Amino acid sequence: MADLGRAALIVAFGLALYAVVAGGLAAYDGRRRLHESARNALVGAFAATVVAAFVLLHAFNARDFTFTYVADHSSRKLPFPYSWTGFWGGQEGSLLLWLFVLTGLGSLAVTLNRDLIRRLLPWTVPVLGGVATFFAFLLAFVSSPFQVQAAPLDGAGLNPSLQNPYMMIHPPLLYLGYVGLTIPFAFAAGALLSGRFDEAWIVATRRWTLLAWTALGIGILLGAKWAYEEVGWGGYYAWDPVENAALMPWLASTAFLHSVMVQEKKNMLRVWNAILVSLAFCLSLFGTFLTRSGVISSIHSFTQSSIGPWLLGFIAVVAAFSTVLIFWRLPLLRTKTRLESLASREAAFLYNNLLLVALTLTVLWGVAFPLLSELVRGERITVGPPYFFLRVLGLPLLLLMGIGPLVAWRRTSLRALGASLIGPTVFALVCGIALVALGAGSSKPGLVAYTFCAFVLAAIALEFIRGTRARRALDRSSWPAAFSSLVGRNRRRYGGYIVHAAIVLLALGIAGGAYGSTKVQKLEPGQTMRIGGYDLRYLGSVVRNEPNRTEIRARLAVSRDGQSLGTYLAGKNDYPVEGQVSNEVGIRTDWLRAQDLFLIGDQFNNDGSVVIKALVNPLVDLIWLAGFVFLLGSLVAMWPDEREQRRLARRGAPVPAT
């Protein structure tokens with residue numbers, strides 16, 4: 001089986017390389033049959049990668065420890081669902097996942113757009129083949145998951161942090177996001193190489209970009225949920241370098257999704273869009289470098305490896321290729337269309353882009369600075385959450401989400417803009433005054449965030465109400481029918497508004513942290529501690545032995561105002577095979593008060609006492625709710641649009657021979 005896996009990877013490498021060479025010749029000479037051959041080779045590379053992935057999954061399922069990779073990331077006592085999680089638990093398996101998703105998405109993209117690619121964007125296939133060739137080369141000749149050994153009696157087990165249901169979904173989603181950004185990059189590069197940087201490549205890749213962007217967004221939120229429940233420190237995002245590795249391409253692709261709308265509507269920002277799509281792809285590669293190179297130490301980084309120089313070199317090649325390509329095609333990218341007014345929707349998109357890119361570069365510097373300081377001075381200087389200027393850059397971004405939809409294209413008079421802003425502004429001020437009256441004024445940043453959120457929600461609601469009223473007057477239909485027709489006729493716009501509502505929920509959940517409370521106390525059996533109106537009585541500890549771990553839990557009877565709310569467990573798991581200990585927290589969600597009671601069994605003593613850390617986290621569950629709203633908005637925006645398909649068909653129509 002190991003020989004079959006190695007052979008499959010070599011075949012995938014050969015087919016991907018053929019797609020580069022044959023696809024390049026076909027694009028240069030306009031040879032149709034050779035182009036079809038190159039496209040089929042890319043599909044064949046996916047089929048070969050499927051075989052390799054199946055071999056590795058079978059080895060994990062069979063606990064075949066003759067595979068060195070399986071022995072390093074599994075054990076006989078590891079529960080079945082997590083034995084498959086070991087597939088991406090280390091360097092080699094995660095690279096195979098990269099290649100699997102890349103060749104799969106690439107094959108699907110070139111198949112669905114085969115006529116467009118053949119006629120207008122033939123260089124897309126060799127670009128996709130080039131990326132696939134690099135990762136297939138790493139797997140076939142540098143870091144293969146099919147190395148064999150004399151089988152040990154048992155494996156080393158799986159990192160306990162990965163033995164969690166969220167980790168069965170979180171890494172594949174992130175990789176779908178990372179790898180998915182290859183598709184718009186390949187189409188953009190293909191458009192530049194083909195000399196056709198018009199609307200065609202944008203329309204062809206819009207859903208692919210949305211898919212990657214959505215996967216990254218949901219993956220980041222699932223990672224935050226995992227950190228909240230599994231790491232056991234009471235938070236959900238610590239600005240860890242690996243957390244930021246996923247955030248950076250998401251921010252860059254968010255800017256790209258906004259700015260391509262300006263190119264479609266006004267034929268502007270072509271240079272900017274070429275830069276953004278290249279930046280997003282380079283940052284996705286950089287994220288892979290951070291997680292799989294071993295260059296940083298992180299709870300989110302589960303491997304040490306020697307492939308860092310290869311990945312860093314590839315990032316440099318991609319960045320240089322993109323830069324040369326953009327400079328070469330500057331005459332093609334420049335347009336005569338100019339920004340007509342600073343008070344216009346185009347300008348609002350531009351302000352949004354500048355803030356998003358500023359935040360992206362801020363995060364990038366925060367990640368890179370410790371590495372550079374160690375390289376230059378031999379001392380790693382780390383930066384903490386205050387560095388990342390979330391308040392400075394995040395609050396204006398939040399405000400722009402409310403202002404942007406109210407501004408017209410081309411230009412808006414100040415009087416018209418002021419009239420549009422009156423309703424949301426009054427609503428936001430009333431909410432702010434009410435919050436102060438309720439005692440929320442203790443945190444000025446929190447109060448500002450809440451007020452801005454109220455403004456944005458009011459602006460979004462106003463847009464839906466106006467549109468539905470206009471649709472109802474036109475169709476003479478009911479309110480629900482008019483609303484459905486409104487969204488169905490402009491899914492991108494109103495799906496985007498739903499996503500904006502999700503970001504507001506996220507901002508509310510983050511701002512709620514300013515009003516939380518924390519208490520640490522040592523308890524003997526029968527003793528009680530109090531926090532945020534909750535009474536916690538320690539009932540003693542229990543120990544349970546599971547097949548792959550030993551569990552110890554503190555039993556805490558929770559009550560409020562004399563009313564029992566149940567018994568909650570908080571403690572630790574000891575994994576003897578892996579030689580590690582993990583926190584297992586107790587969480588009580590109070591939907592009525594919109595807060596979590598978060599319990600950590602911090603220390604267990606031999607005399608039966610325990611140190612309990614308790615937190616009250618207001619509004620934190622809005623963050624998880626935001627994920628569902630975000631997914632809904634993304635699905636609405638991605639839903640097929642007949643008008644867009646007709647426009648794409650016209651773009652892909654045969655061009656007259658010259």
# chains A, B, ... in the order shown; residues from 1 in each chain; ligands from 1

call {"tool": "select_by_dssp", "arguments": {"residues": "region 497-617 of chain A", "states": "strand (DSSP E or B)", "output": "mmCIF file with N, CA and C atoms, in the first residue's frame"}}
result
data_model
loop_
_atom_site.group_PDB
_atom_site.id
_atom_site.type_symbol
_atom_site.label_atom_id
_atom_site.label_comp_id
_atom_site.auth_asym_id
_atom_site.auth_seq_id
_atom_site.Cartn_x
_atom_site.Cartn_y
_atom_site.Cartn_z
ATOM 1 N N SER A 517 -16.218 39.455 34.036
ATOM 2 C CA SER A 517 -15.572 39.409 35.358
ATOM 3 C C SER A 517 -14.891 38.061 35.537
ATOM 4 N N THR A 518 -13.849 38.050 36.356
ATOM 5 C CA THR A 518 -13.044 36.845 36.595
ATOM 6 C C THR A 518 -12.737 36.723 38.083
ATOM 7 N N LYS A 519 -12.728 35.484 38.575
ATOM 8 C CA LYS A 519 -12.386 35.255 39.979
ATOM 9 C C LYS A 519 -11.697 33.906 40.114
ATOM 10 N N VAL A 520 -10.630 33.865 40.894
ATOM 11 C CA VAL A 520 -9.893 32.629 41.168
ATOM 12 C C VAL A 520 -9.936 32.383 42.670
ATOM 13 N N GLN A 521 -10.301 31.161 43.067
ATOM 14 C CA GLN A 521 -10.423 30.874 44.496
ATOM 15 C C GLN A 521 -10.153 29.394 44.764
ATOM 16 N N LYS A 522 -9.467 29.133 45.886
ATOM 17 C CA LYS A 522 -9.236 27.756 46.331
ATOM 18 C C LYS A 522 -10.423 27.313 47.170
ATOM 19 N N LEU A 523 -10.945 26.108 46.890
ATOM 20 C CA LEU A 523 -12.132 25.617 47.578
ATOM 21 C C LEU A 523 -11.875 24.244 48.188
ATOM 22 N N THR A 528 -18.024 27.511 49.149
ATOM 23 C CA THR A 528 -18.731 28.220 48.080
ATOM 24 C C THR A 528 -17.966 29.467 47.675
ATOM 25 N N MET A 529 -18.005 29.785 46.397
ATOM 26 C CA MET A 529 -17.509 31.056 45.887
ATOM 27 C C MET A 529 -18.620 31.730 45.091
ATOM 28 N N ARG A 530 -18.518 33.059 44.984
ATOM 29 C CA ARG A 530 -19.569 33.817 44.316
ATOM 30 C C ARG A 530 -18.955 34.706 43.235
ATOM 31 N N ILE A 531 -19.603 34.739 42.063
ATOM 32 C CA ILE A 531 -19.155 35.599 40.969
ATOM 33 C C ILE A 531 -20.350 35.966 40.101
ATOM 34 N N TYR A 534 -23.711 34.432 40.622
ATOM 35 C CA TYR A 534 -23.751 32.977 40.702
ATOM 36 C C TYR A 534 -23.057 32.501 41.974
ATOM 37 N N ASP A 535 -23.614 31.468 42.609
ATOM 38 C CA ASP A 535 -22.981 30.801 43.744
ATOM 39 C C ASP A 535 -22.510 29.426 43.289
ATOM 40 N N LEU A 536 -21.216 29.131 43.526
ATOM 41 C CA LEU A 536 -20.615 27.867 43.101
ATOM 42 C C LEU A 536 -20.184 27.094 44.342
ATOM 43 N N ARG A 537 -20.794 25.947 44.594
ATOM 44 C CA ARG A 537 -20.437 25.124 45.753
ATOM 45 C C ARG A 537 -19.696 23.888 45.272
ATOM 46 N N TYR A 538 -18.496 23.700 45.852
ATOM 47 C CA TYR A 538 -17.629 22.586 45.445
ATOM 48 C C TYR A 538 -18.091 21.320 46.144
ATOM 49 N N LEU A 539 -18.484 20.289 45.356
ATOM 50 C CA LEU A 539 -19.013 19.039 45.894
ATOM 51 C C LEU A 539 -17.963 17.940 45.991
ATOM 52 N N GLY A 540 -16.753 18.193 45.490
ATOM 53 C CA GLY A 540 -15.726 17.172 45.471
ATOM 54 C C GLY A 540 -15.319 16.828 44.048
ATOM 55 N N SER A 541 -14.328 15.947 43.921
ATOM 56 C CA SER A 541 -13.785 15.585 42.613
ATOM 57 C C SER A 541 -14.091 14.133 42.284
ATOM 58 N N VAL A 542 -14.160 13.837 40.996
ATOM 59 C CA VAL A 542 -14.357 12.468 40.527
ATOM 60 C C VAL A 542 -13.278 12.156 39.496
ATOM 61 N N VAL A 543 -12.872 10.877 39.462
ATOM 62 C CA VAL A 543 -11.856 10.417 38.510
ATOM 63 C C VAL A 543 -12.453 9.292 37.682
ATOM 64 N N ARG A 544 -12.275 9.390 36.347
ATOM 65 C CA ARG A 544 -12.768 8.345 35.446
ATOM 66 C C ARG A 544 -11.638 7.919 34.523
ATOM 67 N N ASN A 545 -11.599 6.630 34.231
ATOM 68 C CA ASN A 545 -10.604 6.090 33.300
ATOM 69 C C ASN A 545 -11.281 5.752 31.972
ATOM 70 N N GLU A 546 -10.801 6.378 30.918
ATOM 71 C CA GLU A 546 -11.270 6.106 29.569
ATOM 72 C C GLU A 546 -10.167 5.359 28.814
ATOM 73 N N ARG A 549 -7.343 7.922 28.043
ATOM 74 C CA ARG A 549 -7.069 9.051 28.930
ATOM 75 C C ARG A 549 -7.644 8.788 30.310
ATOM 76 N N THR A 550 -7.167 9.574 31.284
ATOM 77 C CA THR A 550 -7.729 9.595 32.631
ATOM 78 C C THR A 550 -8.323 10.975 32.874
ATOM 79 N N GLU A 551 -9.564 11.016 33.330
ATOM 80 C CA GLU A 551 -10.260 12.280 33.531
ATOM 81 C C GLU A 551 -10.405 12.568 35.023
ATOM 82 N N ILE A 552 -10.161 13.803 35.409
ATOM 83 C CA ILE A 552 -10.449 14.263 36.762
ATOM 84 C C ILE A 552 -11.308 15.510 36.652
ATOM 85 N N ARG A 553 -12.397 15.551 37.419
ATOM 86 C CA ARG A 553 -13.343 16.647 37.334
ATOM 87 C C ARG A 553 -13.729 17.147 38.725
ATOM 88 N N ALA A 554 -13.801 18.462 38.832
ATOM 89 C CA ALA A 554 -14.388 19.081 40.017
ATOM 90 C C ALA A 554 -15.884 19.225 39.774
ATOM 91 N N ARG A 555 -16.707 18.789 40.753
ATOM 92 C CA ARG A 555 -18.160 18.902 40.642
ATOM 93 C C ARG A 555 -18.599 20.180 41.352
ATOM 94 N N LEU A 556 -19.274 21.054 40.618
ATOM 95 C CA LEU A 556 -19.671 22.355 41.150
ATOM 96 C C LEU A 556 -21.175 22.523 40.994
ATOM 97 N N ALA A 557 -21.862 22.699 42.143
ATOM 98 C CA ALA A 557 -23.299 22.974 42.134
ATOM 99 C C ALA A 557 -23.492 24.473 41.943
ATOM 100 N N VAL A 558 -24.173 24.849 40.867
ATOM 101 C CA VAL A 558 -24.345 26.256 40.516
ATOM 102 C C VAL A 558 -25.765 26.684 40.855
ATOM 103 N N SER A 559 -25.878 27.832 41.507
ATOM 104 C CA SER A 559 -27.197 28.386 41.829
ATOM 105 C C SER A 559 -27.158 29.896 41.663
ATOM 106 N N ARG A 560 -28.343 30.481 41.546
ATOM 107 C CA ARG A 560 -28.459 31.935 41.441
ATOM 108 C C ARG A 560 -29.740 32.355 42.154
ATOM 109 N N GLN A 563 -31.857 29.635 43.556
ATOM 110 C CA GLN A 563 -32.414 28.639 42.641
ATOM 111 C C GLN A 563 -31.299 27.797 42.029
ATOM 112 N N SER A 564 -31.415 26.475 42.140
ATOM 113 C CA SER A 564 -30.400 25.576 41.607
ATOM 114 C C SER A 564 -30.424 25.590 40.085
ATOM 115 N N LEU A 565 -29.235 25.687 39.502
ATOM 116 C CA LEU A 565 -29.088 25.692 38.050
ATOM 117 C C LEU A 565 -28.402 24.435 37.531
ATOM 118 N N GLY A 566 -28.118 23.497 38.438
ATOM 119 C CA GLY A 566 -27.511 22.249 38.019
ATOM 120 C C GLY A 566 -26.081 22.103 38.507
ATOM 121 N N THR A 567 -25.500 20.939 38.205
ATOM 122 C CA THR A 567 -24.123 20.626 38.579
ATOM 123 C C THR A 567 -23.255 20.601 37.322
ATOM 124 N N TYR A 568 -22.109 21.261 37.396
ATOM 125 C CA TYR A 568 -21.212 21.375 36.249
ATOM 126 C C TYR A 568 -19.840 20.823 36.609
ATOM 127 N N LEU A 569 -19.173 20.267 35.608
ATOM 128 C CA LEU A 569 -17.877 19.625 35.800
ATOM 129 C C LEU A 569 -16.797 20.429 35.097
ATOM 130 N N ALA A 570 -15.668 20.598 35.772
ATOM 131 C CA ALA A 570 -14.511 21.269 35.175
ATOM 132 C C ALA A 570 -13.256 20.574 35.673
ATOM 133 N N GLY A 571 -12.323 20.288 34.770
ATOM 134 C CA GLY A 571 -11.129 19.576 35.221
ATOM 135 C C GLY A 571 -10.098 19.404 34.129
ATOM 136 N N LYS A 572 -9.464 18.225 34.122
ATOM 137 C CA LYS A 572 -8.361 17.976 33.198
ATOM 138 C C LYS A 572 -8.418 16.541 32.693
ATOM 139 N N ASN A 573 -7.819 16.327 31.528
ATOM 140 C CA ASN A 573 -7.619 14.994 30.970
ATOM 141 C C ASN A 573 -6.126 14.718 30.899
ATOM 142 N N ASP A 574 -5.728 13.533 31.335
ATOM 143 C CA ASP A 574 -4.334 13.109 31.253
ATOM 144 C C ASP A 574 -4.232 12.023 30.180
ATOM 145 N N TYR A 575 -3.413 12.282 29.157
ATOM 146 C CA TYR A 575 -3.234 11.350 28.049
ATOM 147 C C TYR A 575 -1.880 10.663 28.213
ATOM 148 N N GLN A 580 0.597 14.168 27.677
ATOM 149 C CA GLN A 580 0.122 15.544 27.762
ATOM 150 C C GLN A 580 -1.143 15.621 28.602
ATOM 151 N N VAL A 581 -1.436 16.831 29.074
ATOM 152 C CA VAL A 581 -2.618 17.108 29.885
ATOM 153 C C VAL A 581 -3.387 18.250 29.221
ATOM 154 N N SER A 582 -4.711 18.127 29.177
ATOM 155 C CA SER A 582 -5.536 19.188 28.587
ATOM 156 C C SER A 582 -6.586 19.648 29.583
ATOM 157 N N ASN A 583 -7.023 20.890 29.455
ATOM 158 C CA ASN A 583 -8.109 21.426 30.268
ATOM 159 C C ASN A 583 -9.452 21.031 29.674
ATOM 160 N N GLU A 584 -10.402 20.715 30.533
ATOM 161 C CA GLU A 584 -11.771 20.434 30.116
ATOM 162 C C GLU A 584 -12.679 21.310 30.968
ATOM 163 N N GLY A 586 -16.144 23.669 32.158
ATOM 164 C CA GLY A 586 -17.591 23.614 32.300
ATOM 165 C C GLY A 586 -18.175 24.953 31.884
ATOM 166 N N ILE A 587 -19.195 24.930 31.051
ATOM 167 C CA ILE A 587 -19.790 26.166 30.532
ATOM 168 C C ILE A 587 -21.300 26.100 30.719
ATOM 169 N N ARG A 588 -21.839 27.119 31.368
ATOM 170 C CA ARG A 588 -23.296 27.269 31.450
ATOM 171 C C ARG A 588 -23.707 28.511 30.669
ATOM 172 N N THR A 589 -24.479 28.301 29.612
ATOM 173 C CA THR A 589 -24.945 29.414 28.788
ATOM 174 C C THR A 589 -26.298 29.885 29.287
ATOM 175 N N ASP A 590 -26.378 31.152 29.643
ATOM 176 C CA ASP A 590 -27.623 31.764 30.116
ATOM 177 C C ASP A 590 -28.126 32.680 29.001
ATOM 178 N N GLN A 595 -25.152 35.607 28.594
ATOM 179 C CA GLN A 595 -23.806 35.468 29.132
ATOM 180 C C GLN A 595 -23.494 34.009 29.399
ATOM 181 N N ASP A 596 -22.202 33.716 29.491
ATOM 182 C CA ASP A 596 -21.711 32.381 29.846
ATOM 183 C C ASP A 596 -21.070 32.419 31.222
ATOM 184 N N LEU A 597 -21.343 31.394 32.016
ATOM 185 C CA LEU A 597 -20.548 31.127 33.215
ATOM 186 C C LEU A 597 -19.511 30.090 32.810
ATOM 187 N N PHE A 598 -18.238 30.451 32.899
ATOM 188 C CA PHE A 598 -17.139 29.640 32.368
ATOM 189 C C PHE A 598 -16.297 29.154 33.545
ATOM 190 N N LEU A 599 -16.166 27.821 33.707
ATOM 191 C CA LEU A 599 -15.524 27.225 34.876
ATOM 192 C C LEU A 599 -14.291 26.426 34.465
ATOM 193 N N ILE A 600 -13.177 26.706 35.150
ATOM 194 C CA ILE A 600 -11.911 26.024 34.882
ATOM 195 C C ILE A 600 -11.416 25.376 36.174
ATOM 196 N N GLY A 601 -11.133 24.079 36.107
ATOM 197 C CA GLY A 601 -10.474 23.404 37.228
ATOM 198 C C GLY A 601 -8.979 23.609 37.107
ATOM 199 N N ASP A 602 -8.494 24.669 37.721
ATOM 200 C CA ASP A 602 -7.125 25.110 37.460
ATOM 201 C C ASP A 602 -6.084 24.227 38.131
ATOM 202 N N GLN A 603 -6.376 23.753 39.342
ATOM 203 C CA GLN A 603 -5.383 22.965 40.082
ATOM 204 C C GLN A 603 -6.091 22.011 41.033
ATOM 205 N N PHE A 604 -5.668 20.740 41.029
ATOM 206 C CA PHE A 604 -6.218 19.731 41.929
ATOM 207 C C PHE A 604 -5.138 19.336 42.927
ATOM 208 N N VAL A 610 -9.347 22.213 45.537
ATOM 209 C CA VAL A 610 -9.192 22.537 44.132
ATOM 210 C C VAL A 610 -9.163 24.054 43.966
ATOM 211 N N VAL A 611 -8.396 24.513 42.987
ATOM 212 C CA VAL A 611 -8.384 25.935 42.643
ATOM 213 C C VAL A 611 -9.276 26.111 41.422
ATOM 214 N N ILE A 612 -10.321 26.897 41.585
ATOM 215 C CA ILE A 612 -11.296 27.131 40.525
ATOM 216 C C ILE A 612 -11.120 28.547 39.979
ATOM 217 N N LYS A 613 -11.073 28.633 38.673
ATOM 218 C CA LYS A 613 -11.107 29.932 37.998
ATOM 219 C C LYS A 613 -12.456 30.052 37.308
ATOM 220 N N ALA A 614 -13.219 31.060 37.680
ATOM 221 C CA ALA A 614 -14.552 31.264 37.123
ATOM 222 C C ALA A 614 -14.613 32.598 36.407
ATOM 223 N N LEU A 615 -15.282 32.614 35.268
ATOM 224 C CA LEU A 615 -15.455 33.833 34.485
ATOM 225 C C LEU A 615 -16.915 33.981 34.093
ATOM 226 N N VAL A 616 -17.350 35.215 34.014
ATOM 227 C CA VAL A 616 -18.651 35.526 33.435
ATOM 228 C C VAL A 616 -18.383 36.293 32.146
ATOM 229 N N ASN A 617 -18.770 35.717 31.014
ATOM 230 C CA ASN A 617 -18.491 36.286 29.695
ATOM 231 C C ASN A 617 -19.782 36.770 29.050
#

call {"tool": "atom_distance", "arguments": {"atom1": "CA of Ser413 (chain A)", "atom2": "CA of Leu342 (chain A)"}}
result
10.4 Å

call {"tool": "residues_around", "arguments": {"residues": "Leu193 (chain A)", "least_positions_apart": "5", "cutoff": "9 Å", "atoms": "only C-alpha atoms", "output": "JSON, numbers by chain"}}
result
{"A": [121, 122, 123, 124, 188, 325, 329]}

call {"tool": "residues_around", "arguments": {"residues": "Ile403 (chain A)", "least_positions_apart": "3", "cutoff": "10 Å", "atoms": "only C-alpha atoms", "output": "list in words"}}
result
Arg345, Ala348, Leu397, Leu398, Leu399, Leu400, Leu406, Val407, Leu417, Ser420, Leu421, Pro424, Phe455, Val456, Ala459 and Ile460 of chain A

call {"tool": "write_last_selection", "arguments": {"atoms": "N, CA, C and O atoms", "output": "PDB file, in the first residue's frame"}}
result
ATOM      1  N   ARG A 345     -20.335  55.748  -3.593  1.00  0.00           N
ATOM      2  CA  ARG A 345     -20.158  54.367  -3.138  1.00  0.00           C
ATOM      3  C   ARG A 345     -18.789  53.829  -3.546  1.00  0.00           C
ATOM      4  O   ARG A 345     -18.179  53.053  -2.816  1.00  0.00           O
ATOM      5  N   ALA A 348     -16.527  54.943  -0.904  1.00  0.00           N
ATOM      6  CA  ALA A 348     -16.733  54.169   0.325  1.00  0.00           C
ATOM      7  C   ALA A 348     -16.046  52.815   0.237  1.00  0.00           C
ATOM      8  O   ALA A 348     -15.429  52.341   1.204  1.00  0.00           O
ATOM      9  N   LEU A 397     -14.070  50.696  10.298  1.00  0.00           N
ATOM     10  CA  LEU A 397     -14.591  49.707   9.361  1.00  0.00           C
ATOM     11  C   LEU A 397     -16.048  49.395   9.663  1.00  0.00           C
ATOM     12  O   LEU A 397     -16.881  49.283   8.751  1.00  0.00           O
ATOM     13  N   LEU A 398     -16.353  49.256  10.942  1.00  0.00           N
ATOM     14  CA  LEU A 398     -17.718  48.985  11.361  1.00  0.00           C
ATOM     15  C   LEU A 398     -18.643  50.122  10.937  1.00  0.00           C
ATOM     16  O   LEU A 398     -19.738  49.897  10.405  1.00  0.00           O
ATOM     17  N   LEU A 399     -18.201  51.351  11.137  1.00  0.00           N
ATOM     18  CA  LEU A 399     -19.013  52.510  10.766  1.00  0.00           C
ATOM     19  C   LEU A 399     -19.237  52.572   9.255  1.00  0.00           C
ATOM     20  O   LEU A 399     -20.339  52.886   8.785  1.00  0.00           O
ATOM     21  N   LEU A 400     -18.204  52.251   8.478  1.00  0.00           N
ATOM     22  CA  LEU A 400     -18.324  52.280   7.016  1.00  0.00           C
ATOM     23  C   LEU A 400     -19.346  51.265   6.506  1.00  0.00           C
ATOM     24  O   LEU A 400     -19.969  51.480   5.464  1.00  0.00           O
ATOM     25  N   LEU A 406     -25.743  53.432   2.077  1.00  0.00           N
ATOM     26  CA  LEU A 406     -26.603  54.609   1.957  1.00  0.00           C
ATOM     27  C   LEU A 406     -26.091  55.621   0.947  1.00  0.00           C
ATOM     28  O   LEU A 406     -26.749  56.630   0.682  1.00  0.00           O
ATOM     29  N   VAL A 407     -24.894  55.366   0.387  1.00  0.00           N
ATOM     30  CA  VAL A 407     -24.277  56.301  -0.550  1.00  0.00           C
ATOM     31  C   VAL A 407     -24.522  55.808  -1.976  1.00  0.00           C
ATOM     32  O   VAL A 407     -24.393  54.621  -2.268  1.00  0.00           O
ATOM     33  N   LEU A 417     -27.035  62.660   1.427  1.00  0.00           N
ATOM     34  CA  LEU A 417     -26.358  61.746   2.341  1.00  0.00           C
ATOM     35  C   LEU A 417     -26.797  61.998   3.777  1.00  0.00           C
ATOM     36  O   LEU A 417     -27.059  61.061   4.537  1.00  0.00           O
ATOM     37  N   SER A 420     -30.154  60.543   4.453  1.00  0.00           N
ATOM     38  CA  SER A 420     -30.109  59.083   4.592  1.00  0.00           C
ATOM     39  C   SER A 420     -29.570  58.655   5.948  1.00  0.00           C
ATOM     40  O   SER A 420     -29.945  57.599   6.473  1.00  0.00           O
ATOM     41  N   LEU A 421     -28.681  59.471   6.511  1.00  0.00           N
ATOM     42  CA  LEU A 421     -28.038  59.096   7.767  1.00  0.00           C
ATOM     43  C   LEU A 421     -28.851  59.466   9.000  1.00  0.00           C
ATOM     44  O   LEU A 421     -28.543  59.003  10.108  1.00  0.00           O
ATOM     45  N   PRO A 424     -30.662  56.162  10.946  1.00  0.00           N
ATOM     46  CA  PRO A 424     -29.713  55.319  11.678  1.00  0.00           C
ATOM     47  C   PRO A 424     -28.969  56.063  12.784  1.00  0.00           C
ATOM     48  O   PRO A 424     -28.698  55.486  13.848  1.00  0.00           O
ATOM     49  N   PHE A 455     -26.012  51.669  14.794  1.00  0.00           N
ATOM     50  CA  PHE A 455     -26.078  52.454  13.555  1.00  0.00           C
ATOM     51  C   PHE A 455     -26.075  51.545  12.335  1.00  0.00           C
ATOM     52  O   PHE A 455     -26.882  51.715  11.404  1.00  0.00           O
ATOM     53  N   VAL A 456     -25.180  50.578  12.309  1.00  0.00           N
ATOM     54  CA  VAL A 456     -25.069  49.689  11.151  1.00  0.00           C
ATOM     55  C   VAL A 456     -26.333  48.840  10.996  1.00  0.00           C
ATOM     56  O   VAL A 456     -26.853  48.683   9.881  1.00  0.00           O
ATOM     57  N   ALA A 459     -29.023  50.945   9.557  1.00  0.00           N
ATOM     58  CA  ALA A 459     -28.799  51.206   8.134  1.00  0.00           C
ATOM     59  C   ALA A 459     -29.162  49.991   7.287  1.00  0.00           C
ATOM     60  O   ALA A 459     -29.775  50.121   6.212  1.00  0.00           O
ATOM     61  N   ILE A 460     -28.793  48.788   7.744  1.00  0.00           N
ATOM     62  CA  ILE A 460     -29.120  47.567   7.009  1.00  0.00           C
ATOM     63  C   ILE A 460     -30.630  47.370   6.956  1.00  0.00           C
ATOM     64  O   ILE A 460     -31.208  47.072   5.895  1.00  0.00           O
TER      65      ILE A 460
END

call {"tool": "select_by_dssp", "arguments": {"residues": "region 466-645 of chain A", "states": "alpha helix (DSSP H)", "output": "JSON, numbers by chain"}}
result
{"A": [466, 467, 468, 469, 470, 471, 472, 473, 474, 475, 479, 480, 481, 482, 483, 484, 485, 486, 487, 488, 489, 491, 492, 493, 494, 495, 496, 497, 498, 499, 500, 501, 502, 503, 504, 505, 506, 507, 508, 509, 510, 511, 621, 622, 623, 624, 625, 626, 627, 628, 629, 630, 631, 632, 633, 634, 635, 636, 637, 638, 642, 643, 644, 645]}

call {"tool": "residues_around", "arguments": {"residues": "Leu181 (chain A)", "least_positions_apart": "4", "cutoff": "8 Å", "atoms": "only C-alpha atoms", "output": "NGL selection string"}}
result
:A and (177 or 185 or 208-209 or 212-213 or 280-281 or 284)

call {"tool": "closest_residue", "arguments": {"among": "A:Ala59, A:Ala416, A:Val179, A:Ala186", "to": "Ile202 (chain A)", "atoms": "only C-alpha atoms"}}
result
A:Ala186

call {"tool": "residues_around", "arguments": {"residues": "Val448 (chain A)", "least_positions_apart": "3", "cutoff": "12 Å", "atoms": "only C-alpha atoms", "output": "ChimeraX atom specification"}}
result
/A:391-392,394-396,398-399,428-429,431-433,435-436,440-445,451-455,507-508,511-512,514

call {"tool": "residues_around", "arguments": {"residues": "Thr133 (chain A)", "least_positions_apart": "4", "cutoff": "12 Å", "atoms": "only C-alpha atoms", "output": "ChimeraX atom specification"}}
result
/A:9-21,41-42,45-46,49,98-99,102-103,125-129,137-141,314

call {"tool": "atom_distance", "arguments": {"atom1": "CA of Thr468 (chain A)", "atom2": "CA of Trp409 (chain A)"}}
result
20.2 Å

call {"tool": "atom_distance", "arguments": {"atom1": "CA of Val620 (chain A)", "atom2": "CA of Ala246 (chain A)"}}
result
20.9 Å
